[in-house]
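I have placed the structure first, in the form of structure tokens, so that the comments after it can refer back to it.
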Amino acid sequence: MKVVAGGKIIVLDTGPGTMRRLLETGTTIFDISYLLYSHLHPDHTGELVPLLFATKYPDTRQRREPLAIMAGLGFVDFYSGLRDVFHDWIQLPEGMVTITELSTTGRDRRTFEGITIETLPMAHRPESIGFRITGSDGRVVVYSGDTDVCENLVTLAKDADVLICESALPDELKVPGHLSPSLAGEMAASANVRTLVLTHFYPECDHADIRKECRKTFDGELLLAEDLMDIEF
Ligand SMILES: [Zn+2]
Ligand SMILES: [Zn+2]
């Protein structure tokens, strides 16, 4: 997911296909200032290695500013594991990548260039965190990453303009660690968010009326995410 705030490009999670879809929106990997990770599952991190490799080859000088990566505690270990496998193929020149580990036990908050990023742990993996991004104009977008029902998500999303929330499976197929449409709607309604965007659909969602299930609990603006969807707010 790409967020443009304060003239900076923030990318949240890089599942397979991220670089291609970014290019289709006119963004190259060299335009990304911040890379935020909700957790380490491959559907959220799978394109990190290709992204670093493509930053390095054929010409490292194409990236002019450091890439700032932020993720929950445990990311440094994960990254060093990747380095063990891919060695210097994914090592950027000194100073061209920074890694900031954020709290996985409580609230964390970072401010840079007029943008504020707040995080809280989510109910999915020990390293899971959700993100609340507030632009310099006060507009707020929240991203759940993957999560089950979670009071922290309601807290993080309080009065947000937009909540991009996972809704992995239809109500009757709900599994631990993920939300379903009516539960995502419940979280969004409790948090009083204006626009709810459901995402992270497993194929089973193709055979269910996701919108109808969500409408049982949420009556604000509701969108079902699609690749290349553009939300201005
Ligand atoms: Zn996951
Ligand atoms: Zn996932």
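Quick note on naming: the chains in the structure tokens go A, B, ... in the order shown, residues restart at 1 in each chain, and ligands are numbered from 1 in order of appearance.
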Next on the checklist: Show me which residues are within 8 Å of ligand 2 counting only C-alpha atoms and all ligand atoms, and format the list as an MDAnalysis selection string.
Outcome noted: chainID A and resid 41:44 145:146 200
Item to check | Within 9 Å of Arg194 of chain A using only C-alpha atoms, minus same-chain residues under 5 positions, as a ChimeraX atom specification | outcome: /A:159-163,188-189,220-222
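Residues with any atom within 12 Å of Thr155 of chain A, counting only C-alpha atoms and excluding same-chain neighbours fewer than 4 positions away, are Gly106, Arg107, Glu118, Thr119, Leu120, Pro121, Met122, Gly130, Phe131, Arg132, Val142, Ser144, Cys150, Glu151, Asp159, Ala160, Leu163, Met187, Ala188, Ala189, Ser190, Ala191, Asn192 and Val193 of chain A.
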Next on the checklist: Can you tell me which residues surround segment 167-170 of chain A at a distance of at most 8 Å, considering only C-alpha atoms, apart from same-chain residues fewer than 2 positions away, and format the answer as an MDAnalysis selection string?
Outcome noted: chainID A and resid 165 172:175 178:181 184 198:202 204:205 208 210 213
Writing out the chosen residues with all heavy atoms as a compact mmCIF listing (two decimals), in the first residue's frame:
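Now in part-v4.txt:
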# COMPACT_ATOMS: atom_id res chain seq x y z
N CYS A 165 -8.49 -2.04 6.57
CA CYS A 165 -8.58 -3.13 7.55
C CYS A 165 -8.63 -4.48 6.87
O CYS A 165 -9.34 -4.65 5.88
CB CYS A 165 -9.83 -2.93 8.40
SG CYS A 165 -9.94 -4.06 9.79
N GLU A 172 -18.59 -16.82 7.99
CA GLU A 172 -18.78 -18.21 8.41
C GLU A 172 -17.49 -19.04 8.30
O GLU A 172 -17.44 -20.17 8.77
CB GLU A 172 -19.94 -18.87 7.64
CG GLU A 172 -19.68 -19.16 6.17
CD GLU A 172 -19.92 -17.95 5.27
OE1 GLU A 172 -19.99 -16.80 5.79
OE2 GLU A 172 -20.00 -18.13 4.04
N LEU A 173 -16.44 -18.46 7.69
CA LEU A 173 -15.17 -19.20 7.56
C LEU A 173 -14.06 -18.58 8.41
O LEU A 173 -12.89 -18.92 8.26
CB LEU A 173 -14.71 -19.21 6.09
CG LEU A 173 -15.65 -19.93 5.10
CD1 LEU A 173 -15.14 -19.76 3.67
CD2 LEU A 173 -15.76 -21.41 5.44
N LYS A 174 -14.41 -17.70 9.32
CA LYS A 174 -13.41 -16.99 10.12
C LYS A 174 -12.42 -17.95 10.78
O LYS A 174 -12.80 -19.00 11.27
CB LYS A 174 -14.11 -16.17 11.21
CG LYS A 174 -13.13 -15.22 11.90
CD LYS A 174 -13.48 -14.96 13.35
CE LYS A 174 -12.43 -14.16 14.08
NZ LYS A 174 -11.06 -14.65 14.06
N VAL A 175 -11.14 -17.57 10.76
CA VAL A 175 -10.09 -18.37 11.40
C VAL A 175 -9.38 -17.50 12.45
O VAL A 175 -9.42 -16.27 12.35
CB VAL A 175 -9.04 -18.87 10.38
CG1 VAL A 175 -9.65 -19.87 9.42
CG2 VAL A 175 -8.39 -17.71 9.62
N HIS A 178 -7.29 -13.66 12.13
CA HIS A 178 -7.79 -12.80 11.06
C HIS A 178 -9.21 -12.33 11.38
O HIS A 178 -9.91 -12.95 12.18
CB HIS A 178 -7.81 -13.55 9.72
CG HIS A 178 -6.44 -13.77 9.14
ND1 HIS A 178 -5.69 -12.74 8.58
CD2 HIS A 178 -5.67 -14.88 9.06
CE1 HIS A 178 -4.53 -13.23 8.17
NE2 HIS A 178 -4.48 -14.53 8.45
N LEU A 179 -9.61 -11.27 10.71
CA LEU A 179 -10.96 -10.74 10.87
C LEU A 179 -11.86 -11.23 9.73
O LEU A 179 -11.37 -11.77 8.73
CB LEU A 179 -10.93 -9.20 10.85
CG LEU A 179 -10.29 -8.54 12.08
CD1 LEU A 179 -10.06 -7.05 11.83
CD2 LEU A 179 -11.15 -8.76 13.32
N SER A 180 -13.14 -11.03 9.91
CA SER A 180 -14.12 -11.28 8.85
C SER A 180 -14.86 -9.95 8.63
O SER A 180 -14.68 -9.01 9.41
CB SER A 180 -15.08 -12.38 9.30
OG SER A 180 -15.90 -11.89 10.34
N PRO A 181 -15.67 -9.85 7.57
CA PRO A 181 -16.29 -8.54 7.25
C PRO A 181 -17.09 -7.94 8.40
O PRO A 181 -16.95 -6.75 8.69
CB PRO A 181 -17.19 -8.88 6.06
CG PRO A 181 -16.53 -10.05 5.42
CD PRO A 181 -15.95 -10.86 6.53
N ALA A 184 -14.65 -6.80 11.17
CA ALA A 184 -13.93 -5.58 10.76
C ALA A 184 -14.86 -4.38 10.88
O ALA A 184 -14.46 -3.30 11.35
CB ALA A 184 -13.42 -5.73 9.32
N LEU A 198 -11.98 -2.46 3.21
CA LEU A 198 -11.65 -3.85 3.53
C LEU A 198 -10.65 -4.37 2.52
O LEU A 198 -10.73 -4.09 1.32
CB LEU A 198 -12.91 -4.72 3.52
CG LEU A 198 -13.97 -4.38 4.56
CD1 LEU A 198 -15.15 -5.35 4.45
CD2 LEU A 198 -13.39 -4.41 5.98
N THR A 199 -9.69 -5.18 3.01
CA THR A 199 -8.64 -5.69 2.12
C THR A 199 -8.18 -7.07 2.60
O THR A 199 -8.76 -7.65 3.51
CB THR A 199 -7.47 -4.68 2.05
OG1 THR A 199 -6.56 -5.11 1.04
CG2 THR A 199 -6.72 -4.57 3.38
N HIS A 200 -7.12 -7.59 1.96
CA HIS A 200 -6.53 -8.89 2.33
C HIS A 200 -7.53 -10.04 2.17
O HIS A 200 -7.65 -10.92 3.02
CB HIS A 200 -6.02 -8.83 3.79
CG HIS A 200 -4.98 -9.87 4.12
ND1 HIS A 200 -5.30 -11.19 4.35
CD2 HIS A 200 -3.64 -9.79 4.27
CE1 HIS A 200 -4.20 -11.87 4.63
NE2 HIS A 200 -3.16 -11.04 4.58
N PHE A 201 -8.23 -10.04 1.03
CA PHE A 201 -9.25 -11.06 0.79
C PHE A 201 -8.62 -12.37 0.33
O PHE A 201 -7.91 -12.39 -0.67
CB PHE A 201 -10.22 -10.59 -0.30
CG PHE A 201 -10.92 -9.30 0.03
CD1 PHE A 201 -10.83 -8.20 -0.82
CD2 PHE A 201 -11.66 -9.18 1.19
CE1 PHE A 201 -11.47 -7.01 -0.52
CE2 PHE A 201 -12.31 -7.99 1.51
CZ PHE A 201 -12.21 -6.90 0.64
N TYR A 202 -8.92 -13.45 1.03
CA TYR A 202 -8.56 -14.77 0.53
C TYR A 202 -9.57 -15.14 -0.57
O TYR A 202 -10.66 -14.56 -0.63
CB TYR A 202 -8.60 -15.80 1.66
CG TYR A 202 -7.41 -15.74 2.61
CD1 TYR A 202 -7.53 -16.20 3.93
CD2 TYR A 202 -6.18 -15.25 2.20
CE1 TYR A 202 -6.44 -16.15 4.80
CE2 TYR A 202 -5.10 -15.20 3.06
CZ TYR A 202 -5.23 -15.65 4.36
OH TYR A 202 -4.16 -15.62 5.21
N GLU A 204 -11.69 -17.32 -0.96
CA GLU A 204 -13.04 -17.68 -0.47
C GLU A 204 -13.98 -16.47 -0.49
O GLU A 204 -15.20 -16.62 -0.57
CB GLU A 204 -12.97 -18.24 0.95
CG GLU A 204 -12.39 -19.65 1.04
CD GLU A 204 -10.87 -19.70 1.00
OE1 GLU A 204 -10.22 -18.65 0.77
OE2 GLU A 204 -10.32 -20.80 1.20
N CYS A 205 -13.39 -15.27 -0.40
CA CYS A 205 -14.22 -14.04 -0.37
C CYS A 205 -14.93 -13.81 -1.70
O CYS A 205 -15.93 -13.10 -1.75
CB CYS A 205 -13.36 -12.83 -0.04
SG CYS A 205 -12.73 -12.87 1.66
N ALA A 208 -18.61 -14.87 -1.51
CA ALA A 208 -19.46 -14.37 -0.42
C ALA A 208 -19.81 -12.91 -0.69
O ALA A 208 -19.12 -12.23 -1.45
CB ALA A 208 -18.71 -14.49 0.91
N ILE A 210 -19.34 -9.87 0.71
CA ILE A 210 -18.51 -9.23 1.74
C ILE A 210 -19.15 -7.92 2.22
O ILE A 210 -19.20 -7.64 3.42
CB ILE A 210 -17.10 -8.94 1.17
CG1 ILE A 210 -16.41 -10.25 0.74
CG2 ILE A 210 -16.24 -8.18 2.16
CD1 ILE A 210 -16.29 -11.27 1.82
N GLU A 213 -22.13 -8.58 4.50
CA GLU A 213 -21.71 -9.06 5.82
C GLU A 213 -21.20 -7.90 6.67
O GLU A 213 -21.47 -7.79 7.86
CB GLU A 213 -20.63 -10.14 5.68
CG GLU A 213 -21.17 -11.44 5.09
CD GLU A 213 -20.15 -12.57 5.04
OE1 GLU A 213 -19.03 -12.40 5.59
OE2 GLU A 213 -20.47 -13.63 4.47
Next on the checklist: I'd like the neighbourhood of Met19 of chain A as a PyMOL selection string, where a residue qualifies if any of its atoms comes within 10 Å (using only C-alpha atoms), though same-chain residues fewer than 5 positions away should be ignored.
Outcome noted: chain A and resi 14+24-25+27-29+47-48+50-51+54
For the selection you just gave me, I'd like the residues written to a file as a JSON list (two decimals), in the first residue's frame, keeping all heavy atoms.
[["chain", "number", "residue", "atom", "x", "y", "z"],
["A", 14, "THR", "N", 5.25, -5.03, 1.62],
["A", 14, "THR", "CA", 5.62, -5.27, 0.22],
["A", 14, "THR", "C", 5.42, -6.75, -0.10],
["A", 14, "THR", "O", 6.35, -7.54, -0.08],
["A", 14, "THR", "CB", 7.09, -4.90, -0.05],
["A", 14, "THR", "OG1", 7.94, -5.64, 0.86],
["A", 14, "THR", "CG2", 7.35, -3.42, 0.13],
["A", 24, "GLU", "N", 3.01, 0.93, -11.97],
["A", 24, "GLU", "CA", 1.75, 1.26, -12.65],
["A", 24, "GLU", "C", 1.10, 2.52, -12.08],
["A", 24, "GLU", "O", 0.21, 3.09, -12.69],
["A", 24, "GLU", "CB", 0.78, 0.06, -12.58],
["A", 24, "GLU", "CG", 1.23, -1.05, -13.51],
["A", 24, "GLU", "CD", 0.50, -2.37, -13.30],
["A", 24, "GLU", "OE1", -0.37, -2.47, -12.40],
["A", 24, "GLU", "OE2", 0.81, -3.31, -14.04],
["A", 25, "THR", "N", 1.53, 2.94, -10.88],
["A", 25, "THR", "CA", 1.04, 4.21, -10.32],
["A", 25, "THR", "C", 2.07, 5.32, -10.53],
["A", 25, "THR", "O", 1.94, 6.41, -9.98],
["A", 25, "THR", "CB", 0.74, 4.11, -8.81],
["A", 25, "THR", "OG1", 1.99, 4.00, -8.09],
["A", 25, "THR", "CG2", -0.12, 2.92, -8.48],
["A", 27, "THR", "N", 5.30, 5.23, -9.63],
["A", 27, "THR", "CA", 6.28, 5.31, -8.56],
["A", 27, "THR", "C", 7.35, 4.23, -8.75],
["A", 27, "THR", "O", 7.02, 3.05, -8.88],
["A", 27, "THR", "CB", 5.60, 5.08, -7.18],
["A", 27, "THR", "OG1", 4.66, 6.14, -6.96],
["A", 27, "THR", "CG2", 6.62, 5.08, -6.05],
["A", 28, "THR", "N", 8.61, 4.65, -8.75],
["A", 28, "THR", "CA", 9.68, 3.66, -8.79],
["A", 28, "THR", "C", 10.16, 3.40, -7.36],
["A", 28, "THR", "O", 9.84, 4.16, -6.45],
["A", 28, "THR", "CB", 10.90, 4.14, -9.62],
["A", 28, "THR", "OG1", 11.65, 5.08, -8.82],
["A", 28, "THR", "CG2", 10.48, 4.80, -10.92],
["A", 29, "ILE", "N", 10.94, 2.36, -7.20],
["A", 29, "ILE", "CA", 11.45, 2.04, -5.85],
["A", 29, "ILE", "C", 12.34, 3.16, -5.32],
["A", 29, "ILE", "O", 12.49, 3.29, -4.11],
["A", 29, "ILE", "CB", 12.21, 0.69, -5.83],
["A", 29, "ILE", "CG1", 13.33, 0.68, -6.88],
["A", 29, "ILE", "CG2", 11.25, -0.46, -6.04],
["A", 29, "ILE", "CD1", 14.22, -0.57, -6.78],
["A", 47, "GLU", "N", 8.45, -9.08, -1.25],
["A", 47, "GLU", "CA", 9.17, -8.32, -2.28],
["A", 47, "GLU", "C", 10.29, -7.45, -1.70],
["A", 47, "GLU", "O", 10.92, -6.68, -2.43],
["A", 47, "GLU", "CB", 8.20, -7.47, -3.10],
["A", 47, "GLU", "CG", 8.78, -7.02, -4.42],
["A", 47, "GLU", "CD", 7.91, -7.33, -5.62],
["A", 47, "GLU", "OE1", 7.59, -8.51, -5.85],
["A", 47, "GLU", "OE2", 7.57, -6.39, -6.34],
["A", 48, "LEU", "N", 10.59, -7.59, -0.42],
["A", 48, "LEU", "CA", 11.68, -6.79, 0.15],
["A", 48, "LEU", "C", 13.02, -7.16, -0.49],
["A", 48, "LEU", "O", 13.80, -6.27, -0.88],
["A", 48, "LEU", "CB", 11.76, -6.98, 1.67],
["A", 48, "LEU", "CG", 12.95, -6.31, 2.36],
["A", 48, "LEU", "CD1", 12.94, -4.79, 2.14],
["A", 48, "LEU", "CD2", 12.96, -6.63, 3.86],
["A", 50, "PRO", "N", 13.74, -8.65, -3.51],
["A", 50, "PRO", "CA", 13.85, -8.12, -4.88],
["A", 50, "PRO", "C", 13.98, -6.60, -4.91],
["A", 50, "PRO", "O", 14.69, -6.05, -5.76],
["A", 50, "PRO", "CB", 12.54, -8.56, -5.54],
["A", 50, "PRO", "CG", 12.10, -9.76, -4.77],
["A", 50, "PRO", "CD", 12.55, -9.52, -3.35],
["A", 51, "LEU", "N", 13.32, -5.91, -3.98],
["A", 51, "LEU", "CA", 13.38, -4.44, -3.95],
["A", 51, "LEU", "C", 14.81, -3.96, -3.60],
["A", 51, "LEU", "O", 15.35, -3.05, -4.25],
["A", 51, "LEU", "CB", 12.37, -3.92, -2.93],
["A", 51, "LEU", "CG", 12.10, -2.43, -2.85],
["A", 51, "LEU", "CD1", 10.68, -2.19, -2.33],
["A", 51, "LEU", "CD2", 13.08, -1.70, -1.94],
["A", 54, "ALA", "N", 17.09, -4.77, -6.56],
["A", 54, "ALA", "CA", 16.89, -3.85, -7.68],
["A", 54, "ALA", "C", 17.37, -2.44, -7.35],
["A", 54, "ALA", "O", 17.63, -1.63, -8.24],
["A", 54, "ALA", "CB", 15.41, -3.81, -8.07]]
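Straight-line separation from atom CA of Leu73 of chain A to atom CA of Asp31 of chain A: 25.6 Å.
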Checklist entry - Which of these, A:Asp230, A:Glu101, A:Glu113, A:Asp209, has the shortest distance to Val76 of chain A once you count only C-alpha atoms? => result A:Glu101
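Among the candidate residues A:Gly15, A:Gly185, A:Gly135, A:Gly7, the one lying nearest to ligand 1 is A:Gly15, with distances computed using only C-alpha atoms and all ligand atoms.
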Checklist entry - If you run DSSP on the backbone, which residues of segment 25-188 of chain A are helix (DSSP H, G or I), as a PyMOL selection string? => result chain A and resi 29-31+42-45+48-56+60-62+75-90+151-156+171-173+181-188
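Taking only C-alpha atoms and all ligand atoms into account, ligand 1 lies nearest to A:Gly177 out of the set A:Gly6, A:Pro16, A:Gly114, A:Gly177.
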Item to check | Picked from segment 26-189 of chain A by DSSP as strand (DSSP E), as an MDAnalysis selection string | outcome: chainID A and resid 32:37 67:72 97:102 108:112 115:121 129:134 140:143 162:166
Please produce a file of those selected residues containing C-alpha atoms, as a short mmCIF file (atom, residue, chain, number, x, y, z; two decimals), in the first residue's frame.
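File produced: again-v6.cif:
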data_model
loop_
_atom_site.label_atom_id
_atom_site.label_comp_id
_atom_site.auth_asym_id
_atom_site.auth_seq_id
_atom_site.Cartn_x
_atom_site.Cartn_y
_atom_site.Cartn_z
CA ILE A 32 10.05 5.49 -1.70
CA SER A 33 11.19 7.32 1.45
CA TYR A 34 9.66 5.07 4.10
CA LEU A 35 8.97 1.36 4.12
CA LEU A 36 6.72 0.22 6.98
CA TYR A 37 6.11 -3.43 7.84
CA LEU A 67 15.52 4.20 2.62
CA ALA A 68 13.98 4.28 6.10
CA ILE A 69 12.51 0.93 7.14
CA MET A 70 10.28 0.72 10.22
CA ALA A 71 8.84 -2.46 11.66
CA GLY A 72 8.09 -4.20 14.94
CA VAL A 97 19.19 2.17 4.56
CA THR A 98 18.11 2.73 8.15
CA ILE A 99 16.10 0.25 10.21
CA THR A 100 13.98 1.36 13.15
CA GLU A 101 12.37 -1.28 15.32
CA LEU A 102 9.12 -0.17 16.94
CA ASP A 108 5.13 3.82 19.73
CA ARG A 109 5.21 7.19 18.02
CA ARG A 110 7.60 8.80 15.52
CA THR A 111 7.41 12.17 13.87
CA PHE A 112 9.26 13.22 10.75
CA ILE A 115 4.07 13.27 9.42
CA THR A 116 3.30 11.37 12.63
CA ILE A 117 3.33 7.60 12.74
CA GLU A 118 1.81 5.84 15.73
CA THR A 119 1.71 2.10 16.23
CA LEU A 120 0.08 -0.43 18.54
CA PRO A 121 0.49 -4.21 18.69
CA ILE A 129 1.83 -3.76 14.69
CA GLY A 130 -0.83 -1.54 13.13
CA PHE A 131 -0.05 1.95 11.84
CA ARG A 132 -1.81 5.29 12.29
CA ILE A 133 -0.42 7.95 9.93
CA THR A 134 -1.34 11.58 10.54
CA VAL A 140 -5.54 10.28 9.43
CA VAL A 141 -5.19 6.92 7.71
CA VAL A 142 -4.91 3.70 9.73
CA TYR A 143 -3.67 0.33 8.51
CA VAL A 162 -9.79 6.09 6.60
CA LEU A 163 -9.23 2.64 8.11
CA ILE A 164 -7.69 0.08 5.80
CA CYS A 165 -8.58 -3.13 7.55
CA GLU A 166 -7.97 -6.76 6.86
#
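Rounded to one decimal, atom CA of Phe86 of chain A and atom CA of Leu52 of chain A lie 10.4 Å from each other.
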